[in-house]
Amino acid sequence: MIEVKDLSFSYRGRKRIFSDFSMQLGGGIVCGLLGRNGTGKSTLLNLIAGLLTPSAGCVEFGGVNTRLRRCDVLSGMFFVSEEFSLPEVKLSAFVDCNAPFYPKFSRDDMKSYLDAFELDSNVSLAGLSMGQRKKVLLSFAFATNVGLLLMDEPTNGLDIPCKGQFRRALSMYMSDERSVIISTHQVMDVDNLLDHVLVLGNNAVLLNETLARISSLVSVVSCGQVPGDAFYSQPSPVGYYAVVPRKDDSETDINIELLFNAVISSPALTEYIKKGGK
């Protein structure tokens, strides 16, 4: 669905963020886009959405360069940016103005998502807090029913109950025909919904795999002493958590935060996964 080809990009007067950068993502996934600050997560989302122009290379969505800003391509994706603004109008006026750009937009779905976020569909955007505005934008984004939903720190500004509402709304949206890419530092807010992880670092893709494949190759164990074959370990309340090669067929939950720490700390782990456990 998404192919990044030999991409180079830098902001004016700043260090180059991407240079000859390439990657692919398939469809029907909920992907966590992870990386340290400054690795280009938000920039990559903006490039995928066609909002930035690379100095070389391109991003293709469905085989079309997104920077061409073709209507048929843009109507199939929606970008929830971390920083956003909404006009101070009635929600109904906002929907009337923006819904026609998305052929699969559903007013019934919009109502369902607003209900999930405990918002009134007759609300005026002018009187809402930032957290409430975020919930309105998320409700509209889900109701577009686009094939590609890009989200940059979607749970920022949401309190703890609202984060639970977000997870329920995202679960309602998910289907085999749609892909969601979520860039976040708040991994615990979405880790139970992810089925794919993309980890960026040093102008490279450190990991681009399904969680099913990762869990078939490595396990997370709680132990009193770090195993000798551990790729990575960190202290736990009862000793250590360690990422080790999988030795049996038992299923192991993969802690996304622990996996991220392991990936950026252990090149041996990423090579092990990329080579299928060899």
# chains A, B, ... in the order shown; residues from 1 in each chain; ligands from 1
call {"tool": "closest_atom_pairs", "arguments": {"of": "stretch 169-267 of chain A", "to": "stretch 3-27 of chain A", "cutoff": "8 Å", "atoms": "only C-alpha atoms", "output": "CSV"}}
result
residue,atom,partner,partner_atom,distance
A:Asp176,CA,A:Gly27,CA,7.7
A:Glu177,CA,A:Gly27,CA,7.1
A:Arg178,CA,A:Gly27,CA,6.6
A:Ser179,CA,A:Gly27,CA,5.5
A:Asn203,CA,A:Phe18,CA,5.4
A:Ala204,CA,A:Phe21,CA,6.7
A:Val205,CA,A:Met23,CA,7.4
call {"tool": "write_last_selection", "arguments": {"atoms": "N, CA and C atoms", "output": "PDB file, in the first residue's frame"}}
result
ATOM      1  N   ASP A 176      -9.996  -5.239   7.731  1.00  0.00           N
ATOM      2  CA  ASP A 176      -8.953  -5.765   6.847  1.00  0.00           C
ATOM      3  C   ASP A 176      -8.700  -4.860   5.648  1.00  0.00           C
ATOM      4  N   GLU A 177      -9.628  -3.961   5.348  1.00  0.00           N
ATOM      5  CA  GLU A 177      -9.487  -3.083   4.179  1.00  0.00           C
ATOM      6  C   GLU A 177      -8.821  -1.758   4.535  1.00  0.00           C
ATOM      7  N   ARG A 178      -8.509  -1.521   5.800  1.00  0.00           N
ATOM      8  CA  ARG A 178      -7.972  -0.240   6.233  1.00  0.00           C
ATOM      9  C   ARG A 178      -6.641  -0.424   6.934  1.00  0.00           C
ATOM     10  N   SER A 179      -5.802   0.581   6.797  1.00  0.00           N
ATOM     11  CA  SER A 179      -4.521   0.603   7.508  1.00  0.00           C
ATOM     12  C   SER A 179      -4.448   1.860   8.360  1.00  0.00           C
ATOM     13  N   ASN A 203      18.366   7.333  10.212  1.00  0.00           N
ATOM     14  CA  ASN A 203      18.082   7.312   8.772  1.00  0.00           C
ATOM     15  C   ASN A 203      17.914   5.887   8.244  1.00  0.00           C
ATOM     16  N   ALA A 204      17.389   5.024   9.078  1.00  0.00           N
ATOM     17  CA  ALA A 204      17.216   3.636   8.660  1.00  0.00           C
ATOM     18  C   ALA A 204      15.990   3.045   9.338  1.00  0.00           C
ATOM     19  N   VAL A 205      15.460   1.995   8.730  1.00  0.00           N
ATOM     20  CA  VAL A 205      14.401   1.210   9.348  1.00  0.00           C
ATOM     21  C   VAL A 205      15.072   0.134  10.193  1.00  0.00           C
TER      22      VAL A 205
END
call {"tool": "select_by_dssp", "arguments": {"residues": "stretch 151-219 of chain A", "states": "alpha helix (DSSP H)", "output": "list of chain:residue names"}}
result
A:Ile160, A:Pro161, A:Cys162, A:Lys163, A:Gly164, A:Gln165, A:Phe166, A:Arg167, A:Arg168, A:Ala169, A:Leu170, A:Ser171, A:Met172, A:Tyr173, A:Leu211, A:Ala212, A:Arg213, A:Ile214, A:Ser215, A:Ser216, A:Leu217
call {"tool": "write_last_selection", "arguments": {"atoms": "N, CA, C and O atoms", "output": "JSON list (two decimals), in the first residue's frame"}}
result
[["chain", "number", "residue", "atom", "x", "y", "z"],
["A", 160, "ILE", "N", -7.22, 10.08, 31.07],
["A", 160, "ILE", "CA", -7.21, 8.60, 31.14],
["A", 160, "ILE", "C", -8.51, 7.99, 30.65],
["A", 160, "ILE", "O", -8.49, 7.05, 29.83],
["A", 161, "PRO", "N", -9.71, 8.46, 31.07],
["A", 161, "PRO", "CA", -10.94, 7.88, 30.53],
["A", 161, "PRO", "C", -11.05, 8.06, 29.01],
["A", 161, "PRO", "O", -11.51, 7.16, 28.30],
["A", 162, "CYS", "N", -10.61, 9.21, 28.51],
["A", 162, "CYS", "CA", -10.70, 9.48, 27.07],
["A", 162, "CYS", "C", -9.77, 8.56, 26.27],
["A", 162, "CYS", "O", -10.08, 8.20, 25.13],
["A", 163, "LYS", "N", -8.65, 8.18, 26.86],
["A", 163, "LYS", "CA", -7.76, 7.24, 26.17],
["A", 163, "LYS", "C", -8.43, 5.89, 25.98],
["A", 163, "LYS", "O", -8.26, 5.23, 24.96],
["A", 164, "GLY", "N", -9.21, 5.48, 26.98],
["A", 164, "GLY", "CA", -9.99, 4.26, 26.83],
["A", 164, "GLY", "C", -11.04, 4.40, 25.74],
["A", 164, "GLY", "O", -11.28, 3.47, 24.97],
["A", 165, "GLN", "N", -11.67, 5.57, 25.67],
["A", 165, "GLN", "CA", -12.64, 5.83, 24.60],
["A", 165, "GLN", "C", -11.96, 5.78, 23.24],
["A", 165, "GLN", "O", -12.53, 5.26, 22.27],
["A", 166, "PHE", "N", -10.74, 6.32, 23.16],
["A", 166, "PHE", "CA", -10.00, 6.29, 21.89],
["A", 166, "PHE", "C", -9.74, 4.86, 21.46],
["A", 166, "PHE", "O", -9.92, 4.51, 20.27],
["A", 167, "ARG", "N", -9.33, 4.02, 22.37],
["A", 167, "ARG", "CA", -9.06, 2.63, 22.03],
["A", 167, "ARG", "C", -10.32, 1.93, 21.52],
["A", 167, "ARG", "O", -10.27, 1.15, 20.56],
["A", 168, "ARG", "N", -11.45, 2.21, 22.15],
["A", 168, "ARG", "CA", -12.71, 1.61, 21.69],
["A", 168, "ARG", "C", -13.08, 2.11, 20.30],
["A", 168, "ARG", "O", -13.52, 1.34, 19.45],
["A", 169, "ALA", "N", -12.90, 3.41, 20.08],
["A", 169, "ALA", "CA", -13.22, 3.97, 18.76],
["A", 169, "ALA", "C", -12.32, 3.39, 17.68],
["A", 169, "ALA", "O", -12.78, 3.07, 16.57],
["A", 170, "LEU", "N", -11.03, 3.25, 17.98],
["A", 170, "LEU", "CA", -10.11, 2.68, 17.00],
["A", 170, "LEU", "C", -10.47, 1.23, 16.70],
["A", 170, "LEU", "O", -10.40, 0.78, 15.55],
["A", 171, "SER", "N", -10.89, 0.49, 17.72],
["A", 171, "SER", "CA", -11.32, -0.89, 17.51],
["A", 171, "SER", "C", -12.53, -0.95, 16.58],
["A", 171, "SER", "O", -12.65, -1.85, 15.75],
["A", 172, "MET", "N", -13.45, 0.02, 16.73],
["A", 172, "MET", "CA", -14.62, 0.09, 15.85],
["A", 172, "MET", "C", -14.20, 0.35, 14.41],
["A", 172, "MET", "O", -14.83, -0.15, 13.47],
["A", 173, "TYR", "N", -13.14, 1.13, 14.22],
["A", 173, "TYR", "CA", -12.70, 1.54, 12.88],
["A", 173, "TYR", "C", -11.95, 0.44, 12.15],
["A", 173, "TYR", "O", -12.02, 0.34, 10.92],
["A", 211, "LEU", "N", 3.80, -8.15, 14.65],
["A", 211, "LEU", "CA", 4.03, -8.66, 16.00],
["A", 211, "LEU", "C", 3.93, -10.18, 16.04],
["A", 211, "LEU", "O", 4.58, -10.82, 16.86],
["A", 212, "ALA", "N", 3.11, -10.75, 15.15],
["A", 212, "ALA", "CA", 3.00, -12.21, 15.10],
["A", 212, "ALA", "C", 4.33, -12.85, 14.75],
["A", 212, "ALA", "O", 4.75, -13.84, 15.37],
["A", 213, "ARG", "N", 5.02, -12.27, 13.76],
["A", 213, "ARG", "CA", 6.32, -12.84, 13.38],
["A", 213, "ARG", "C", 7.36, -12.61, 14.47],
["A", 213, "ARG", "O", 8.18, -13.49, 14.75],
["A", 214, "ILE", "N", 7.34, -11.43, 15.07],
["A", 214, "ILE", "CA", 8.30, -11.15, 16.15],
["A", 214, "ILE", "C", 8.11, -12.14, 17.29],
["A", 214, "ILE", "O", 9.08, -12.71, 17.80],
["A", 215, "SER", "N", 6.85, -12.36, 17.69],
["A", 215, "SER", "CA", 6.59, -13.26, 18.82],
["A", 215, "SER", "C", 6.87, -14.72, 18.48],
["A", 215, "SER", "O", 7.04, -15.55, 19.37],
["A", 216, "SER", "N", 6.94, -15.04, 17.18],
["A", 216, "SER", "CA", 7.31, -16.41, 16.79],
["A", 216, "SER", "C", 8.82, -16.63, 16.88],
["A", 216, "SER", "O", 9.28, -17.78, 16.85],
["A", 217, "LEU", "N", 9.58, -15.55, 16.99],
["A", 217, "LEU", "CA", 11.04, -15.65, 16.99],
["A", 217, "LEU", "C", 11.67, -15.35, 18.35],
["A", 217, "LEU", "O", 12.72, -15.90, 18.68]]
call {"tool": "closest_atom_pairs", "arguments": {"of": "stretch 92-177 of chain A", "to": "stretch 37-54 of chain A", "cutoff": "10 Å", "atoms": "only C-alpha atoms", "output": "tab-separated table"}}
result
residue	atom	partner	partner_atom	distance
A:Leu148	CA	A:Ala49	CA	9.6
A:Leu149	CA	A:Ala49	CA	9.7
A:Leu150	CA	A:Leu45	CA	6.7
A:Met151	CA	A:Leu45	CA	8.0
A:Asp152	CA	A:Ser42	CA	6.5
A:Glu153	CA	A:Ser42	CA	9.0
call {"tool": "write_last_selection", "arguments": {"atoms": "C-alpha atoms", "output": "mmCIF file, in the first residue's frame"}}
result
data_model
loop_
_atom_site.group_PDB
_atom_site.id
_atom_site.type_symbol
_atom_site.label_atom_id
_atom_site.label_comp_id
_atom_site.auth_asym_id
_atom_site.auth_seq_id
_atom_site.Cartn_x
_atom_site.Cartn_y
_atom_site.Cartn_z
ATOM 1 C CA LEU A 148 -5.175 4.911 5.185
ATOM 2 C CA LEU A 149 -5.432 6.756 8.490
ATOM 3 C CA LEU A 150 -2.287 8.560 9.690
ATOM 4 C CA MET A 151 -2.168 9.635 13.335
ATOM 5 C CA ASP A 152 0.562 11.635 15.065
ATOM 6 C CA GLU A 153 0.395 11.371 18.885
#
call {"tool": "residues_around", "arguments": {"residues": "A:Pro227", "least_positions_apart": "6", "cutoff": "9 Å", "atoms": "only C-alpha atoms", "output": "PyMOL selection string"}}
result
chain A and resi 233+242+244
call {"tool": "residues_around", "arguments": {"residues": "stretch 107-111 of chain A", "least_positions_apart": "6", "cutoff": "9 Å", "atoms": "only C-alpha atoms", "output": "list in words"}}
result
Val95, Ala99, Leu119, Asp120, Ser121, Ser139, Phe140, Ala141, Phe142, Ala143, Thr144 and Asn145 of chain A
call {"tool": "write_last_selection", "arguments": {"atoms": "all heavy atoms", "output": "compact mmCIF listing (two decimals), in the first residue's frame"}}
result
# COMPACT_ATOMS: atom_id res chain seq x y z
N VAL A 95 -18.83 19.48 9.47
CA VAL A 95 -19.06 18.23 8.74
C VAL A 95 -19.58 18.53 7.34
O VAL A 95 -19.12 17.94 6.35
CB VAL A 95 -20.04 17.32 9.51
CG1 VAL A 95 -20.42 16.11 8.66
CG2 VAL A 95 -19.42 16.87 10.82
N ALA A 99 -16.99 16.83 4.84
CA ALA A 99 -17.37 15.46 4.50
C ALA A 99 -17.38 15.18 3.00
O ALA A 99 -17.01 14.08 2.57
CB ALA A 99 -18.73 15.13 5.12
N LEU A 119 -19.71 12.76 23.26
CA LEU A 119 -19.87 14.12 22.75
C LEU A 119 -21.23 14.27 22.08
O LEU A 119 -21.74 13.33 21.46
CB LEU A 119 -18.77 14.45 21.74
CG LEU A 119 -17.36 14.71 22.28
CD1 LEU A 119 -16.39 14.87 21.12
CD2 LEU A 119 -17.33 15.94 23.18
N ASP A 120 -21.78 15.47 22.18
CA ASP A 120 -23.06 15.79 21.54
C ASP A 120 -22.82 16.16 20.09
O ASP A 120 -21.94 16.97 19.77
CB ASP A 120 -23.70 16.97 22.29
CG ASP A 120 -25.12 17.27 21.83
OD1 ASP A 120 -25.50 16.81 20.73
OD2 ASP A 120 -25.83 17.97 22.56
N SER A 121 -23.60 15.60 19.18
CA SER A 121 -23.42 15.90 17.76
C SER A 121 -23.85 17.32 17.40
O SER A 121 -23.54 17.79 16.31
CB SER A 121 -24.22 14.89 16.92
OG SER A 121 -25.59 14.92 17.27
N SER A 139 -13.21 11.69 15.82
CA SER A 139 -14.50 11.15 15.37
C SER A 139 -14.68 11.37 13.88
O SER A 139 -15.14 10.47 13.15
CB SER A 139 -15.64 11.82 16.14
OG SER A 139 -15.57 11.53 17.53
N PHE A 140 -14.34 12.57 13.41
CA PHE A 140 -14.45 12.85 11.98
C PHE A 140 -13.50 11.95 11.18
O PHE A 140 -13.88 11.40 10.14
CB PHE A 140 -14.15 14.32 11.69
CG PHE A 140 -14.34 14.69 10.25
CD1 PHE A 140 -15.58 15.08 9.78
CD2 PHE A 140 -13.27 14.65 9.36
CE1 PHE A 140 -15.76 15.41 8.43
CE2 PHE A 140 -13.45 14.96 8.02
CZ PHE A 140 -14.71 15.34 7.55
N ALA A 141 -12.26 11.81 11.67
CA ALA A 141 -11.28 10.99 10.97
C ALA A 141 -11.76 9.55 10.82
O ALA A 141 -11.68 8.97 9.72
CB ALA A 141 -9.94 11.02 11.73
N PHE A 142 -12.28 8.97 11.88
CA PHE A 142 -12.78 7.59 11.81
C PHE A 142 -13.97 7.49 10.85
O PHE A 142 -14.11 6.52 10.12
CB PHE A 142 -13.18 7.10 13.19
CG PHE A 142 -12.02 6.88 14.14
CD1 PHE A 142 -12.08 7.34 15.44
CD2 PHE A 142 -10.89 6.20 13.73
CE1 PHE A 142 -11.02 7.14 16.32
CE2 PHE A 142 -9.82 5.99 14.59
CZ PHE A 142 -9.89 6.46 15.90
N ALA A 143 -14.82 8.52 10.86
CA ALA A 143 -16.03 8.48 10.04
C ALA A 143 -15.74 8.63 8.55
O ALA A 143 -16.61 8.34 7.72
CB ALA A 143 -17.00 9.58 10.48
N THR A 144 -14.52 9.08 8.18
CA THR A 144 -14.19 9.16 6.76
C THR A 144 -14.07 7.79 6.12
O THR A 144 -14.19 7.65 4.90
CB THR A 144 -12.86 9.91 6.54
OG1 THR A 144 -11.79 9.20 7.21
CG2 THR A 144 -12.94 11.34 7.06
N ASN A 145 -13.78 6.75 6.93
CA ASN A 145 -13.66 5.38 6.43
C ASN A 145 -12.63 5.27 5.31
O ASN A 145 -12.81 4.50 4.35
CB ASN A 145 -15.02 4.86 5.95
CG ASN A 145 -15.99 4.69 7.10
OD1 ASN A 145 -15.71 4.00 8.07
ND2 ASN A 145 -17.15 5.33 7.00
call {"tool": "residues_around", "arguments": {"residues": "stretch 270-275 of chain A", "least_positions_apart": "3", "cutoff": "9 Å", "atoms": "only C-alpha atoms", "output": "VMD selection string"}}
result
chain A and resid 206 to 209 213 to 214 217 to 218 245 262 to 264 266 to 267 278
call {"tool": "atom_distance", "arguments": {"atom1": "atom CA of A:Thr155", "atom2": "atom CA of A:Asn65"}}
result
29.2 Å
call {"tool": "closest_residue", "arguments": {"among": "A:Gly35, A:Ile254, A:Val146, A:Leu114", "to": "A:Leu194", "atoms": "only C-alpha atoms"}}
result
A:Ile254
call {"tool": "closest_residue", "arguments": {"among": "A:Phe79, A:Phe105, A:Met1, A:Gly28", "to": "A:Glu60", "atoms": "only C-alpha atoms"}}
result
A:Met1
call {"tool": "closest_residue", "arguments": {"among": "A:Val73, A:Ala93, A:Val238, A:Cys31", "to": "A:Leu198", "atoms": "only C-alpha atoms"}}
result
A:Cys31
call {"tool": "select_by_dssp", "arguments": {"residues": "stretch 30-255 of chain A", "states": "strand (DSSP E or B)", "output": "VMD selection string"}}
result
chain A and resid 30 to 34 56 to 61 64 to 65 77 to 80 90 124 148 to 152 179 to 183 196 to 201 204 to 210 218 to 223 232 to 236 239 to 245
call {"tool": "residues_around", "arguments": {"residues": "A:Leu34", "least_positions_apart": "3", "cutoff": "8 Å", "atoms": "only C-alpha atoms", "output": "number ranges by chain"}}
result
A: 41, 183-185, 197-200, 260
call {"tool": "write_last_selection", "arguments": {"atoms": "C-alpha atoms", "output": "tab-separated table (two decimals), in the first residue's frame"}}
result
chain	number	residue	atom	x	y	z
A	41	LYS	CA	8.42	10.06	12.65
A	183	SER	CA	3.25	7.64	15.69
A	184	THR	CA	3.37	7.81	19.46
A	185	HIS	CA	5.58	8.02	22.52
A	197	VAL	CA	5.71	-2.13	14.36
A	198	LEU	CA	7.96	0.17	12.36
A	199	VAL	CA	10.99	1.44	14.27
A	200	LEU	CA	13.08	4.29	12.83
A	260	PHE	CA	11.38	-0.74	21.32
call {"tool": "atom_distance", "arguments": {"atom1": "atom CA of A:Leu74", "atom2": "atom CA of A:Phe61"}}
result
9.6 Å
call {"tool": "atom_distance", "arguments": {"atom1": "atom CA of A:Val89", "atom2": "atom CA of A:Leu158"}}
result
21.8 Å
